[in-house]
Amino acid sequence: MEVLLCFLDYQNHDSGFHFWRRSNMLRRLFGKVLGFTGFTIQYGCIAHCTFEYLGEIVMCSGPSMEPTIKTYDIIISEKLSRQFYRIEKGDVVIAKSPNNPKMNICKRVIGLEGDKVCTSGPLDAFKTHRYVPKGHVWLEGDNLQNSTDSRNYGPIPYALIRGRACFKIWPLHEFGFLKESPNSTSPR
């Protein structure tokens, strides 16, 4: 009888050890999951702030900026120029479309507030002159025959600008800073 009691006592002691061991494993697993979750949240916040305030990577589509930027070209857009009002004539910008706020557009700045812009639509025989109002910019695509831009919807508010496109990273054979407009007659 004494041997049987020792055996039962050993089994109870052993199951307590396994319970403690399982509990310790669950505690370590829970700690690792919490640590990974914290790590993910931290770096998610860093990524969000980087893309919201410093810059972002943008894939372009549409023919309006050809030959400078073509469909499926990937560019880096920085946002500090917009924040500090350093957008200049000749800069390529990413902006919210005034016709569809869910869509972004990529165009070149032709005129800043107070500038007199000489322009015409693709089918217009005569050029017209317009002044860019305060707080607005005049945007046009490099492919004037195939671009919906300020010639169609007028000057856009500066607040719609999301960033300045500064660097092309794809395709690799065009890697580097963006080129000047093929339509410009004088350097910036």
# chains A, B, ... in the order shown; residues from 1 in each chain; ligands from 1
>>> residues_around(residues="stretch 166-176 of chain A", least_positions_apart="2", cutoff="10 Å", atoms="only C-alpha atoms", output="count of residues only")
20
>>> residues_around(residues="stretch 139-148 of chain A", least_positions_apart="6", cutoff="12 Å", atoms="only C-alpha atoms", output="ChimeraX atom specification")
/A:62-70,87-99,105-113,117-124,132,154-158,160-161,179-184
>>> closest_atom_pairs(of="stretch 75-163 of chain A", to="stretch 36-53 of chain A", cutoff="9 Å", atoms="only C-alpha atoms", output="JSON lines")
{"residue": "A:Glu78", "atom": "CA", "partner": "A:Tyr53", "partner_atom": "CA", "distance": 8.4}
{"residue": "A:Lys79", "atom": "CA", "partner": "A:Tyr53", "partner_atom": "CA", "distance": 6.0}
{"residue": "A:Leu80", "atom": "CA", "partner": "A:Tyr53", "partner_atom": "CA", "distance": 7.1}
{"residue": "A:Gln83", "atom": "CA", "partner": "A:Tyr53", "partner_atom": "CA", "distance": 8.3}
>>> atom_distance(atom1="atom CA of A:Arg162", atom2="atom CA of A:Val137")
12.9 Å
>>> select_by_dssp(residues="chain A", states="alpha helix (DSSP H)", output="PDB file with N, CA, C and O atoms, in the first residue's frame")
ATOM      1  N   GLU A   2       1.962   1.222   0.737  1.00  0.00           N
ATOM      2  CA  GLU A   2       2.862   2.344   0.788  1.00  0.00           C
ATOM      3  C   GLU A   2       3.479   2.613  -0.588  1.00  0.00           C
ATOM      4  O   GLU A   2       3.634   3.762  -0.994  1.00  0.00           O
ATOM      5  N   VAL A   3       3.799   1.603  -1.334  1.00  0.00           N
ATOM      6  CA  VAL A   3       4.382   1.748  -2.665  1.00  0.00           C
ATOM      7  C   VAL A   3       3.360   2.394  -3.594  1.00  0.00           C
ATOM      8  O   VAL A   3       3.678   3.266  -4.391  1.00  0.00           O
ATOM      9  N   LEU A   4       2.109   1.985  -3.470  1.00  0.00           N
ATOM     10  CA  LEU A   4       1.055   2.554  -4.309  1.00  0.00           C
ATOM     11  C   LEU A   4       0.864   4.041  -4.009  1.00  0.00           C
ATOM     12  O   LEU A   4       0.721   4.844  -4.917  1.00  0.00           O
ATOM     13  N   LEU A   5       0.892   4.439  -2.739  1.00  0.00           N
ATOM     14  CA  LEU A   5       0.762   5.840  -2.372  1.00  0.00           C
ATOM     15  C   LEU A   5       1.934   6.663  -2.914  1.00  0.00           C
ATOM     16  O   LEU A   5       1.754   7.781  -3.388  1.00  0.00           O
ATOM     17  N   CYS A   6       3.145   6.127  -2.848  1.00  0.00           N
ATOM     18  CA  CYS A   6       4.319   6.823  -3.393  1.00  0.00           C
ATOM     19  C   CYS A   6       4.169   7.010  -4.894  1.00  0.00           C
ATOM     20  O   CYS A   6       4.488   8.062  -5.437  1.00  0.00           O
ATOM     21  N   PHE A   7       3.671   5.965  -5.556  1.00  0.00           N
ATOM     22  CA  PHE A   7       3.490   6.044  -7.005  1.00  0.00           C
ATOM     23  C   PHE A   7       2.455   7.117  -7.362  1.00  0.00           C
ATOM     24  O   PHE A   7       2.657   7.918  -8.255  1.00  0.00           O
ATOM     25  N   LEU A   8       1.310   7.160  -6.606  1.00  0.00           N
ATOM     26  CA  LEU A   8       0.285   8.164  -6.853  1.00  0.00           C
ATOM     27  C   LEU A   8       0.803   9.563  -6.553  1.00  0.00           C
ATOM     28  O   LEU A   8       0.541  10.510  -7.278  1.00  0.00           O
ATOM     29  N   ASP A   9       1.588   9.687  -5.472  1.00  0.00           N
ATOM     30  CA  ASP A   9       2.157  10.970  -5.117  1.00  0.00           C
ATOM     31  C   ASP A   9       3.131  11.446  -6.209  1.00  0.00           C
ATOM     32  O   ASP A   9       3.153  12.604  -6.567  1.00  0.00           O
ATOM     33  N   TYR A  10       3.902  10.529  -6.767  1.00  0.00           N
ATOM     34  CA  TYR A  10       4.838  10.852  -7.835  1.00  0.00           C
ATOM     35  C   TYR A  10       4.075  11.324  -9.073  1.00  0.00           C
ATOM     36  O   TYR A  10       4.461  12.296  -9.707  1.00  0.00           O
ATOM     37  N   GLN A  11       2.938  10.656  -9.382  1.00  0.00           N
ATOM     38  CA  GLN A  11       2.147  11.065 -10.536  1.00  0.00           C
ATOM     39  C   GLN A  11       1.566  12.467 -10.329  1.00  0.00           C
ATOM     40  O   GLN A  11       1.568  13.278 -11.236  1.00  0.00           O
ATOM     41  N   ASN A  12       1.060  12.745  -9.143  1.00  0.00           N
ATOM     42  CA  ASN A  12       0.520  14.082  -8.869  1.00  0.00           C
ATOM     43  C   ASN A  12       1.607  15.153  -8.968  1.00  0.00           C
ATOM     44  O   ASN A  12       1.383  16.215  -9.499  1.00  0.00           O
ATOM     45  N   HIS A  13       2.779  14.828  -8.438  1.00  0.00           N
ATOM     46  CA  HIS A  13       3.901  15.762  -8.497  1.00  0.00           C
ATOM     47  C   HIS A  13       4.307  15.995  -9.957  1.00  0.00           C
ATOM     48  O   HIS A  13       4.551  17.120 -10.365  1.00  0.00           O
ATOM     49  N   ASP A  14       4.320  14.925 -10.747  1.00  0.00           N
ATOM     50  CA  ASP A  14       4.709  15.016 -12.147  1.00  0.00           C
ATOM     51  C   ASP A  14       3.698  15.849 -12.951  1.00  0.00           C
ATOM     52  O   ASP A  14       4.081  16.656 -13.761  1.00  0.00           O
ATOM     53  N   SER A  15       2.402  15.673 -12.703  1.00  0.00           N
ATOM     54  CA  SER A  15       1.398  16.449 -13.442  1.00  0.00           C
ATOM     55  C   SER A  15       1.473  17.921 -13.055  1.00  0.00           C
ATOM     56  O   SER A  15       1.258  18.789 -13.883  1.00  0.00           O
ATOM     57  N   GLY A  16       1.789  18.231 -11.812  1.00  0.00           N
ATOM     58  CA  GLY A  16       1.976  19.610 -11.399  1.00  0.00           C
ATOM     59  C   GLY A  16       3.161  20.236 -12.122  1.00  0.00           C
ATOM     60  O   GLY A  16       3.125  21.389 -12.547  1.00  0.00           O
ATOM     61  N   PHE A  17       4.218  19.456 -12.302  1.00  0.00           N
ATOM     62  CA  PHE A  17       5.401  19.924 -13.016  1.00  0.00           C
ATOM     63  C   PHE A  17       5.046  20.235 -14.469  1.00  0.00           C
ATOM     64  O   PHE A  17       5.444  21.258 -15.008  1.00  0.00           O
ATOM     65  N   HIS A  18       4.256  19.342 -15.104  1.00  0.00           N
ATOM     66  CA  HIS A  18       3.849  19.569 -16.488  1.00  0.00           C
ATOM     67  C   HIS A  18       2.928  20.790 -16.599  1.00  0.00           C
ATOM     68  O   HIS A  18       3.037  21.547 -17.553  1.00  0.00           O
ATOM     69  N   PHE A  19       2.044  20.965 -15.600  1.00  0.00           N
ATOM     70  CA  PHE A  19       1.170  22.137 -15.624  1.00  0.00           C
ATOM     71  C   PHE A  19       2.001  23.406 -15.531  1.00  0.00           C
ATOM     72  O   PHE A  19       1.803  24.348 -16.273  1.00  0.00           O
ATOM     73  N   TRP A  20       2.994  23.406 -14.626  1.00  0.00           N
ATOM     74  CA  TRP A  20       3.859  24.576 -14.468  1.00  0.00           C
ATOM     75  C   TRP A  20       4.656  24.811 -15.743  1.00  0.00           C
ATOM     76  O   TRP A  20       4.814  25.939 -16.195  1.00  0.00           O
ATOM     77  N   ARG A  21       5.126  23.738 -16.353  1.00  0.00           N
ATOM     78  CA  ARG A  21       5.918  23.844 -17.576  1.00  0.00           C
ATOM     79  C   ARG A  21       5.065  24.394 -18.727  1.00  0.00           C
ATOM     80  O   ARG A  21       5.508  25.253 -19.472  1.00  0.00           O
ATOM     81  N   ARG A  22       3.815  23.879 -18.857  1.00  0.00           N
ATOM     82  CA  ARG A  22       2.913  24.386 -19.892  1.00  0.00           C
ATOM     83  C   ARG A  22       2.570  25.852 -19.631  1.00  0.00           C
ATOM     84  O   ARG A  22       2.514  26.660 -20.540  1.00  0.00           O
ATOM     85  N   SER A  23       2.323  26.199 -18.411  1.00  0.00           N
ATOM     86  CA  SER A  23       2.004  27.565 -18.042  1.00  0.00           C
ATOM     87  C   SER A  23       3.161  28.496 -18.390  1.00  0.00           C
ATOM     88  O   SER A  23       2.962  29.577 -18.921  1.00  0.00           O
ATOM     89  N   ASN A  24       4.376  28.056 -18.112  1.00  0.00           N
ATOM     90  CA  ASN A  24       5.560  28.845 -18.426  1.00  0.00           C
ATOM     91  C   ASN A  24       5.717  29.004 -19.942  1.00  0.00           C
ATOM     92  O   ASN A  24       6.052  30.076 -20.420  1.00  0.00           O
ATOM     93  N   MET A  25       5.443  27.942 -20.700  1.00  0.00           N
ATOM     94  CA  MET A  25       5.525  28.010 -22.167  1.00  0.00           C
ATOM     95  C   MET A  25       4.479  28.976 -22.706  1.00  0.00           C
ATOM     96  O   MET A  25       4.770  29.778 -23.594  1.00  0.00           O
ATOM     97  N   LEU A  26       3.261  28.913 -22.178  1.00  0.00           N
ATOM     98  CA  LEU A  26       2.208  29.829 -22.624  1.00  0.00           C
ATOM     99  C   LEU A  26       2.567  31.273 -22.297  1.00  0.00           C
ATOM    100  O   LEU A  26       2.334  32.178 -23.095  1.00  0.00           O
ATOM    101  N   ARG A  27       3.149  31.471 -21.128  1.00  0.00           N
ATOM    102  CA  ARG A  27       3.560  32.812 -20.722  1.00  0.00           C
ATOM    103  C   ARG A  27       4.641  33.353 -21.675  1.00  0.00           C
ATOM    104  O   ARG A  27       4.588  34.487 -22.103  1.00  0.00           O
ATOM    105  N   ARG A  28       5.622  32.517 -22.032  1.00  0.00           N
ATOM    106  CA  ARG A  28       6.668  32.943 -22.966  1.00  0.00           C
ATOM    107  C   ARG A  28       6.089  33.212 -24.355  1.00  0.00           C
ATOM    108  O   ARG A  28       6.445  34.187 -25.002  1.00  0.00           O
ATOM    109  N   LEU A  29       5.184  32.331 -24.812  1.00  0.00           N
ATOM    110  CA  LEU A  29       4.560  32.521 -26.124  1.00  0.00           C
ATOM    111  C   LEU A  29       3.745  33.813 -26.148  1.00  0.00           C
ATOM    112  O   LEU A  29       3.846  34.587 -27.090  1.00  0.00           O
ATOM    113  N   PHE A  30       2.976  34.041 -25.100  1.00  0.00           N
ATOM    114  CA  PHE A  30       2.175  35.263 -25.001  1.00  0.00           C
ATOM    115  C   PHE A  30       3.081  36.492 -25.002  1.00  0.00           C
ATOM    116  O   PHE A  30       2.800  37.496 -25.657  1.00  0.00           O
ATOM    117  N   GLY A  31       4.200  36.425 -24.289  1.00  0.00           N
ATOM    118  CA  GLY A  31       5.166  37.530 -24.263  1.00  0.00           C
ATOM    119  C   GLY A  31       5.748  37.790 -25.642  1.00  0.00           C
ATOM    120  O   GLY A  31       5.907  38.937 -26.053  1.00  0.00           O
ATOM    121  N   LYS A  32       6.067  36.716 -26.377  1.00  0.00           N
ATOM    122  CA  LYS A  32       6.617  36.889 -27.730  1.00  0.00           C
ATOM    123  C   LYS A  32       5.578  37.485 -28.668  1.00  0.00           C
ATOM    124  O   LYS A  32       5.893  38.340 -29.494  1.00  0.00           O
ATOM    125  N   VAL A  33       4.324  37.038 -28.556  1.00  0.00           N
ATOM    126  CA  VAL A  33       3.267  37.578 -29.399  1.00  0.00           C
ATOM    127  C   VAL A  33       3.065  39.057 -29.094  1.00  0.00           C
ATOM    128  O   VAL A  33       2.952  39.878 -30.007  1.00  0.00           O
ATOM    129  N   LEU A  34       3.033  39.419 -27.820  1.00  0.00           N
ATOM    130  CA  LEU A  34       2.894  40.827 -27.448  1.00  0.00           C
ATOM    131  C   LEU A  34       4.083  41.650 -27.926  1.00  0.00           C
ATOM    132  O   LEU A  34       3.920  42.763 -28.425  1.00  0.00           O
ATOM    133  N   GLY A  35       5.285  41.102 -27.806  1.00  0.00           N
ATOM    134  CA  GLY A  35       6.477  41.804 -28.273  1.00  0.00           C
ATOM    135  C   GLY A  35       6.436  42.032 -29.776  1.00  0.00           C
ATOM    136  O   GLY A  35       6.737  43.123 -30.266  1.00  0.00           O
ATOM    137  N   PHE A  36       6.042  41.004 -30.526  1.00  0.00           N
ATOM    138  CA  PHE A  36       5.946  41.135 -31.986  1.00  0.00           C
ATOM    139  C   PHE A  36       4.867  42.135 -32.362  1.00  0.00           C
ATOM    140  O   PHE A  36       5.051  42.946 -33.270  1.00  0.00           O
ATOM    141  N   THR A  37       3.730  42.109 -31.645  1.00  0.00           N
ATOM    142  CA  THR A  37       2.652  43.058 -31.921  1.00  0.00           C
ATOM    143  C   THR A  37       3.121  44.487 -31.654  1.00  0.00           C
ATOM    144  O   THR A  37       2.870  45.391 -32.456  1.00  0.00           O
ATOM    145  N   GLY A  38       3.812  44.709 -30.550  1.00  0.00           N
ATOM    146  CA  GLY A  38       4.346  46.038 -30.241  1.00  0.00           C
ATOM    147  C   GLY A  38       5.336  46.500 -31.300  1.00  0.00           C
ATOM    148  O   GLY A  38       5.302  47.647 -31.743  1.00  0.00           O
ATOM    149  N   PHE A  39       6.221  45.597 -31.708  1.00  0.00           N
ATOM    150  CA  PHE A  39       7.206  45.885 -32.756  1.00  0.00           C
ATOM    151  C   PHE A  39       6.497  46.272 -34.049  1.00  0.00           C
ATOM    152  O   PHE A  39       6.847  47.256 -34.702  1.00  0.00           O
ATOM    153  N   THR A  40       5.462  45.530 -34.435  1.00  0.00           N
ATOM    154  CA  THR A  40       4.710  45.802 -35.666  1.00  0.00           C
ATOM    155  C   THR A  40       4.009  47.155 -35.585  1.00  0.00           C
ATOM    156  O   THR A  40       4.028  47.924 -36.547  1.00  0.00           O
ATOM    157  N   ILE A  41       3.406  47.454 -34.449  1.00  0.00           N
ATOM    158  CA  ILE A  41       2.713  48.742 -34.291  1.00  0.00           C
ATOM    159  C   ILE A  41       3.711  49.899 -34.361  1.00  0.00           C
ATOM    160  O   ILE A  41       3.463  50.899 -35.030  1.00  0.00           O
ATOM    161  N   GLN A  42       4.859  49.752 -33.706  1.00  0.00           N
ATOM    162  CA  GLN A  42       5.874  50.813 -33.732  1.00  0.00           C
ATOM    163  C   GLN A  42       6.330  51.096 -35.151  1.00  0.00           C
ATOM    164  O   GLN A  42       6.345  52.245 -35.592  1.00  0.00           O
ATOM    165  N   TYR A  43       6.706  50.055 -35.858  1.00  0.00           N
ATOM    166  CA  TYR A  43       7.220  50.268 -37.210  1.00  0.00           C
ATOM    167  C   TYR A  43       6.110  50.628 -38.189  1.00  0.00           C
ATOM    168  O   TYR A  43       6.364  51.320 -39.176  1.00  0.00           O
ATOM    169  N   GLY A  44       4.893  50.215 -37.916  1.00  0.00           N
ATOM    170  CA  GLY A  44       3.758  50.673 -38.726  1.00  0.00           C
ATOM    171  C   GLY A  44       3.556  52.173 -38.567  1.00  0.00           C
ATOM    172  O   GLY A  44       3.297  52.884 -39.542  1.00  0.00           O
ATOM    173  N   CYS A  45       3.691  52.673 -37.339  1.00  0.00           N
ATOM    174  CA  CYS A  45       3.568  54.118 -37.091  1.00  0.00           C
ATOM    175  C   CYS A  45       4.698  54.887 -37.768  1.00  0.00           C
ATOM    176  O   CYS A  45       4.474  55.943 -38.349  1.00  0.00           O
ATOM    177  N   ILE A  46       5.912  54.340 -37.711  1.00  0.00           N
ATOM    178  CA  ILE A  46       7.048  54.992 -38.372  1.00  0.00           C
ATOM    179  C   ILE A  46       6.821  55.033 -39.876  1.00  0.00           C
ATOM    180  O   ILE A  46       7.031  56.070 -40.522  1.00  0.00           O
ATOM    181  N   ALA A  47       6.364  53.926 -40.455  1.00  0.00           N
ATOM    182  CA  ALA A  47       6.098  53.880 -41.904  1.00  0.00           C
ATOM    183  C   ALA A  47       4.993  54.868 -42.275  1.00  0.00           C
ATOM    184  O   ALA A  47       5.104  55.594 -43.267  1.00  0.00           O
ATOM    185  N   HIS A  48       3.931  54.916 -41.480  1.00  0.00           N
ATOM    186  CA  HIS A  48       2.830  55.846 -41.758  1.00  0.00           C
ATOM    187  C   HIS A  48       3.331  57.292 -41.751  1.00  0.00           C
ATOM    188  O   HIS A  48       3.039  58.065 -42.659  1.00  0.00           O
ATOM    189  N   CYS A  49       4.074  57.663 -40.723  1.00  0.00           N
ATOM    190  CA  CYS A  49       4.578  59.039 -40.630  1.00  0.00           C
ATOM    191  C   CYS A  49       5.536  59.349 -41.776  1.00  0.00           C
ATOM    192  O   CYS A  49       5.510  60.458 -42.325  1.00  0.00           O
ATOM    193  N   LEU A  80       8.190  67.398 -48.359  1.00  0.00           N
ATOM    194  CA  LEU A  80       8.672  68.557 -47.605  1.00  0.00           C
ATOM    195  C   LEU A  80       8.546  69.848 -48.409  1.00  0.00           C
ATOM    196  O   LEU A  80       8.273  70.906 -47.842  1.00  0.00           O
ATOM    197  N   SER A  81       8.729  69.780 -49.733  1.00  0.00           N
ATOM    198  CA  SER A  81       8.589  70.987 -50.566  1.00  0.00           C
ATOM    199  C   SER A  81       7.189  71.561 -50.440  1.00  0.00           C
ATOM    200  O   SER A  81       7.001  72.775 -50.382  1.00  0.00           O
ATOM    201  N   ARG A  82       6.202  70.698 -50.397  1.00  0.00           N
ATOM    202  CA  ARG A  82       4.814  71.152 -50.252  1.00  0.00           C
ATOM    203  C   ARG A  82       4.601  71.766 -48.873  1.00  0.00           C
ATOM    204  O   ARG A  82       3.996  72.818 -48.737  1.00  0.00           O
ATOM    205  N   GLN A  83       5.128  71.106 -47.852  1.00  0.00           N
ATOM    206  CA  GLN A  83       4.943  71.588 -46.476  1.00  0.00           C
ATOM    207  C   GLN A  83       5.544  72.983 -46.279  1.00  0.00           C
ATOM    208  O   GLN A  83       5.000  73.800 -45.565  1.00  0.00           O
ATOM    209  N   SER A 150      -4.953  71.703 -66.125  1.00  0.00           N
ATOM    210  CA  SER A 150      -5.530  73.014 -65.809  1.00  0.00           C
ATOM    211  C   SER A 150      -6.154  73.690 -67.017  1.00  0.00           C
ATOM    212  O   SER A 150      -6.999  74.568 -66.864  1.00  0.00           O
ATOM    213  N   ARG A 151      -5.792  73.290 -68.206  1.00  0.00           N
ATOM    214  CA  ARG A 151      -6.439  73.834 -69.399  1.00  0.00           C
ATOM    215  C   ARG A 151      -7.905  73.415 -69.441  1.00  0.00           C
ATOM    216  O   ARG A 151      -8.737  74.091 -70.025  1.00  0.00           O
ATOM    217  N   ASN A 152      -8.226  72.268 -68.780  1.00  0.00           N
ATOM    218  CA  ASN A 152      -9.601  71.780 -68.728  1.00  0.00           C
ATOM    219  C   ASN A 152     -10.324  72.206 -67.464  1.00  0.00           C
ATOM    220  O   ASN A 152     -11.472  72.616 -67.506  1.00  0.00           O
ATOM    221  N   TYR A 153      -9.659  72.076 -66.312  1.00  0.00           N
ATOM    222  CA  TYR A 153     -10.344  72.358 -65.046  1.00  0.00           C
ATOM    223  C   TYR A 153      -9.846  73.607 -64.341  1.00  0.00           C
ATOM    224  O   TYR A 153     -10.263  73.905 -63.234  1.00  0.00           O
TER     225      TYR A 153
END
>>> select_by_dssp(residues="chain A", states="strand (DSSP E or B)", output="number ranges by chain")
A: 55-59, 74-78, 92-96, 104-111, 116-119, 128-131, 136-140, 156-157, 161-170, 176-177
>>> write_last_selection(atoms="C-alpha atoms", output="compact mmCIF listing (two decimals), in the first residue's frame")
# COMPACT_ATOMS: atom_id res chain seq x y z
CA GLY A 55 7.67 61.07 -49.05
CA GLU A 56 6.22 58.08 -50.82
CA ILE A 57 6.75 55.73 -53.71
CA VAL A 58 4.26 56.23 -56.56
CA MET A 59 3.49 54.12 -59.63
CA ILE A 74 7.82 54.23 -60.40
CA ILE A 75 8.91 57.51 -58.84
CA ILE A 76 9.76 58.86 -55.41
CA SER A 77 7.66 61.82 -54.32
CA GLU A 78 8.88 64.00 -51.45
CA VAL A 92 6.48 67.64 -61.39
CA VAL A 93 3.90 67.22 -58.63
CA ILE A 94 1.48 64.58 -57.43
CA ALA A 95 -1.90 66.15 -56.60
CA LYS A 96 -5.45 65.12 -55.86
CA ASN A 104 -4.13 61.33 -57.86
CA ILE A 105 -2.71 63.13 -60.87
CA CYS A 106 0.90 63.69 -61.92
CA LYS A 107 1.50 67.02 -63.72
CA ARG A 108 4.12 69.72 -64.18
CA VAL A 109 3.76 73.14 -62.51
CA ILE A 110 3.49 75.78 -65.24
CA GLY A 111 2.39 78.74 -63.13
CA LYS A 116 0.23 85.07 -66.15
CA VAL A 117 -0.13 81.78 -68.05
CA CYS A 118 -0.29 81.65 -71.84
CA THR A 119 -2.02 78.44 -72.84
CA THR A 128 -5.33 82.57 -74.16
CA HIS A 129 -3.82 84.35 -71.18
CA ARG A 130 -4.98 83.67 -67.63
CA TYR A 131 -3.76 84.74 -64.23
CA HIS A 136 -3.50 78.11 -56.64
CA VAL A 137 -1.13 76.59 -59.20
CA TRP A 138 -1.46 75.91 -62.93
CA LEU A 139 -0.66 72.30 -63.89
CA GLU A 140 -0.15 70.78 -67.34
CA ILE A 156 -6.03 73.99 -58.70
CA PRO A 157 -5.71 74.91 -55.02
CA ILE A 161 -0.72 69.05 -53.99
CA ARG A 162 0.47 65.89 -52.21
CA GLY A 163 4.16 66.01 -53.08
CA ARG A 164 6.90 66.80 -55.58
CA ALA A 165 8.08 63.97 -57.81
CA CYS A 166 11.85 64.08 -57.75
CA PHE A 167 13.40 60.72 -58.61
CA LYS A 168 12.55 57.86 -60.98
CA ILE A 169 13.45 54.39 -59.67
CA TRP A 170 11.81 52.24 -62.36
CA GLY A 176 17.72 59.13 -61.70
CA PHE A 177 16.31 62.62 -61.38
>>> atom_distance(atom1="atom CA of A:Ser61", atom2="atom CA of A:Arg86")
25.5 Å
>>> decode(residues="stretch 148-170 of chain A", atoms="N, CA and C atoms", output="mmCIF file, in the first residue's frame")
data_model
loop_
_atom_site.group_PDB
_atom_site.id
_atom_site.type_symbol
_atom_site.label_atom_id
_atom_site.label_comp_id
_atom_site.auth_asym_id
_atom_site.auth_seq_id
_atom_site.Cartn_x
_atom_site.Cartn_y
_atom_site.Cartn_z
ATOM 1 N N THR A 148 -5.380 65.799 -69.547
ATOM 2 C CA THR A 148 -6.450 66.552 -68.896
ATOM 3 C C THR A 148 -5.782 67.283 -67.740
ATOM 4 N N ASP A 149 -5.777 68.597 -67.793
ATOM 5 C CA ASP A 149 -5.022 69.375 -66.816
ATOM 6 C C ASP A 149 -5.693 70.728 -66.577
ATOM 7 N N SER A 150 -4.953 71.703 -66.125
ATOM 8 C CA SER A 150 -5.530 73.014 -65.809
ATOM 9 C C SER A 150 -6.154 73.690 -67.017
ATOM 10 N N ARG A 151 -5.792 73.290 -68.206
ATOM 11 C CA ARG A 151 -6.439 73.834 -69.399
ATOM 12 C C ARG A 151 -7.905 73.415 -69.441
ATOM 13 N N ASN A 152 -8.226 72.268 -68.780
ATOM 14 C CA ASN A 152 -9.601 71.780 -68.728
ATOM 15 C C ASN A 152 -10.324 72.206 -67.464
ATOM 16 N N TYR A 153 -9.659 72.076 -66.312
ATOM 17 C CA TYR A 153 -10.344 72.358 -65.046
ATOM 18 C C TYR A 153 -9.846 73.607 -64.341
ATOM 19 N N GLY A 154 -8.967 74.366 -64.964
ATOM 20 C CA GLY A 154 -8.508 75.623 -64.381
ATOM 21 C C GLY A 154 -7.422 75.401 -63.336
ATOM 22 N N PRO A 155 -6.985 76.485 -62.695
ATOM 23 C CA PRO A 155 -5.955 76.352 -61.666
ATOM 24 C C PRO A 155 -6.480 75.543 -60.489
ATOM 25 N N ILE A 156 -5.582 74.803 -59.842
ATOM 26 C CA ILE A 156 -6.026 73.987 -58.700
ATOM 27 C C ILE A 156 -5.476 74.583 -57.399
ATOM 28 N N PRO A 157 -6.198 74.411 -56.306
ATOM 29 C CA PRO A 157 -5.712 74.908 -55.016
ATOM 30 C C PRO A 157 -4.395 74.235 -54.616
ATOM 31 N N TYR A 158 -3.513 75.015 -54.051
ATOM 32 C CA TYR A 158 -2.217 74.515 -53.583
ATOM 33 C C TYR A 158 -2.402 73.347 -52.611
ATOM 34 N N ALA A 159 -3.480 73.366 -51.854
ATOM 35 C CA ALA A 159 -3.733 72.326 -50.847
ATOM 36 C C ALA A 159 -3.944 70.943 -51.462
ATOM 37 N N LEU A 160 -4.266 70.873 -52.755
ATOM 38 C CA LEU A 160 -4.450 69.570 -53.403
ATOM 39 C C LEU A 160 -3.125 68.899 -53.750
ATOM 40 N N ILE A 161 -2.027 69.641 -53.691
ATOM 41 C CA ILE A 161 -0.718 69.051 -53.987
ATOM 42 C C ILE A 161 -0.326 68.119 -52.854
ATOM 43 N N ARG A 162 0.058 66.894 -53.206
ATOM 44 C CA ARG A 162 0.468 65.894 -52.211
ATOM 45 C C ARG A 162 1.978 65.801 -52.077
ATOM 46 N N GLY A 163 2.709 66.105 -53.151
ATOM 47 C CA GLY A 163 4.162 66.014 -53.080
ATOM 48 C C GLY A 163 4.798 66.366 -54.407
ATOM 49 N N ARG A 164 6.127 66.479 -54.383
ATOM 50 C CA ARG A 164 6.902 66.796 -55.579
ATOM 51 C C ARG A 164 7.630 65.543 -56.025
ATOM 52 N N ALA A 165 7.393 65.134 -57.257
ATOM 53 C CA ALA A 165 8.082 63.970 -57.811
ATOM 54 C C ALA A 165 9.517 64.385 -58.112
ATOM 55 N N CYS A 166 10.471 63.630 -57.591
ATOM 56 C CA CYS A 166 11.851 64.082 -57.751
ATOM 57 C C CYS A 166 12.783 63.032 -58.342
ATOM 58 N N PHE A 167 12.446 61.763 -58.251
ATOM 59 C CA PHE A 167 13.400 60.721 -58.614
ATOM 60 C C PHE A 167 12.666 59.539 -59.221
ATOM 61 N N LYS A 168 13.154 59.046 -60.348
ATOM 62 C CA LYS A 168 12.553 57.864 -60.978
ATOM 63 C C LYS A 168 13.388 56.643 -60.593
ATOM 64 N N ILE A 169 12.717 55.590 -60.066
ATOM 65 C CA ILE A 169 13.448 54.386 -59.673
ATOM 66 C C ILE A 169 13.149 53.189 -60.576
ATOM 67 N N TRP A 170 12.115 53.319 -61.422
ATOM 68 C CA TRP A 170 11.809 52.241 -62.362
ATOM 69 C C TRP A 170 11.257 52.837 -63.639
#
